[in-house]
Amino acid sequence: MRKSFREFHPYDVGGACVLLAVKVEEPKPRRTLGDVSSACARIARRDKSLDDKKEIEMWIDTLKHLEPLIAAILCFDLQVDHPYLPLLKYTKELKGYSKEVLRDLASAAWAIINHR
């Protein structure tokens with residue numbers, strides 16, 4: 001570990017990681033800093049209907065501060081290799097099974113990948 005995050009609240013670090021993930025993974029139009037900040041505020045307060053502008057502004061400031069720090073700690077290596085393409089490739093290479101069995105196998109593997 002290059003840096004300890006003990007000085008930051010886990011929700012703050014988690015929110016900044018979500019913001020980075022949104023920027024890397026979501027196609028445009030993607031969720032904005034305001035969207036992620038609002039979601040973080042609602043989760044932190046355990047209030048799904050929270051619409052406190054001051055709280056959301058605090059989250060915006062926190063995420064703006066932590067996002068570049070986390071990106072630097074990750075050495076700006078934000079490329080994510082997803083397991084889905086190899087899963088589909090290997091499923092297609094299996095011979096001697098019916099389409100239904102292969103579909104069920106792929107569905108089960110997909111669920112395991114997604115922790116469901």
# chains A, B, ... in the order shown; residues from 1 in each chain; ligands from 1
>>> select_by_dssp(residues="chain A", states="alpha helix (DSSP H)", output="VMD selection string")
chain A and resid 10 to 25 33 to 45 53 to 73 84 to 93 99 to 113
>>> residues_around(residues="range 61-70 of chain A", least_positions_apart="5", cutoff="10 Å", atoms="only C-alpha atoms", output="short mmCIF file (atom, residue, chain, number, x, y, z; two decimals) with C-alpha atoms, in the first residue's frame")
data_model
loop_
_atom_site.label_atom_id
_atom_site.label_comp_id
_atom_site.auth_asym_id
_atom_site.auth_seq_id
_atom_site.Cartn_x
_atom_site.Cartn_y
_atom_site.Cartn_z
CA LYS A 3 -0.70 5.36 1.35
CA PHE A 5 -6.51 5.98 4.08
CA PHE A 8 -10.21 9.59 5.83
CA ASP A 12 -15.40 9.54 1.73
CA VAL A 13 -12.92 7.17 0.10
CA GLY A 14 -15.74 4.98 -1.20
CA GLY A 15 -17.53 7.95 -2.72
CA ALA A 16 -14.36 9.13 -4.46
CA CYS A 17 -13.79 5.61 -5.80
CA VAL A 18 -17.35 5.54 -7.14
CA LEU A 19 -16.77 8.89 -8.84
CA LEU A 20 -13.60 7.56 -10.50
CA LEU A 33 -20.24 14.90 -9.67
CA VAL A 36 -22.56 10.98 -7.04
CA SER A 37 -22.37 13.60 -4.26
CA CYS A 40 -23.18 9.77 -1.08
CA ILE A 56 -24.27 17.84 -0.99
CA CYS A 75 -0.67 5.49 -10.55
CA PHE A 76 -3.49 6.68 -12.83
#
>>> closest_atom_pairs(of="range 3-66 of chain A", to="range 78-90 of chain A", cutoff="9 Å", atoms="only C-alpha atoms", output="Markdown table")
| residue | atom | partner | partner_atom | distance |
| --- | --- | --- | --- | --- |
| A:Leu20 | CA | A:Leu78 | CA | 8.4 |
| A:Ala21 | CA | A:Leu78 | CA | 8.4 |
| A:Val24 | CA | A:Leu78 | CA | 6.9 |
| A:Glu25 | CA | A:Val80 | CA | 8.4 |
>>> atom_distance(atom1="CA of Thr32 in chain A", atom2="CA of Glu55 in chain A")
16.3 Å
>>> closest_residue(among="A:Ala39, A:Val101, A:Leu94, A:Ile73", to="Asp52 in chain A", atoms="only C-alpha atoms")
A:Ala39
>>> atom_distance(atom1="CA of Lys23 in chain A", atom2="CA of Ser4 in chain A")
23.5 Å
>>> closest_residue(among="A:Pro10, A:Asp47, A:Glu57, A:Ile113", to="Asp35 in chain A", atoms="only C-alpha atoms")
A:Glu57
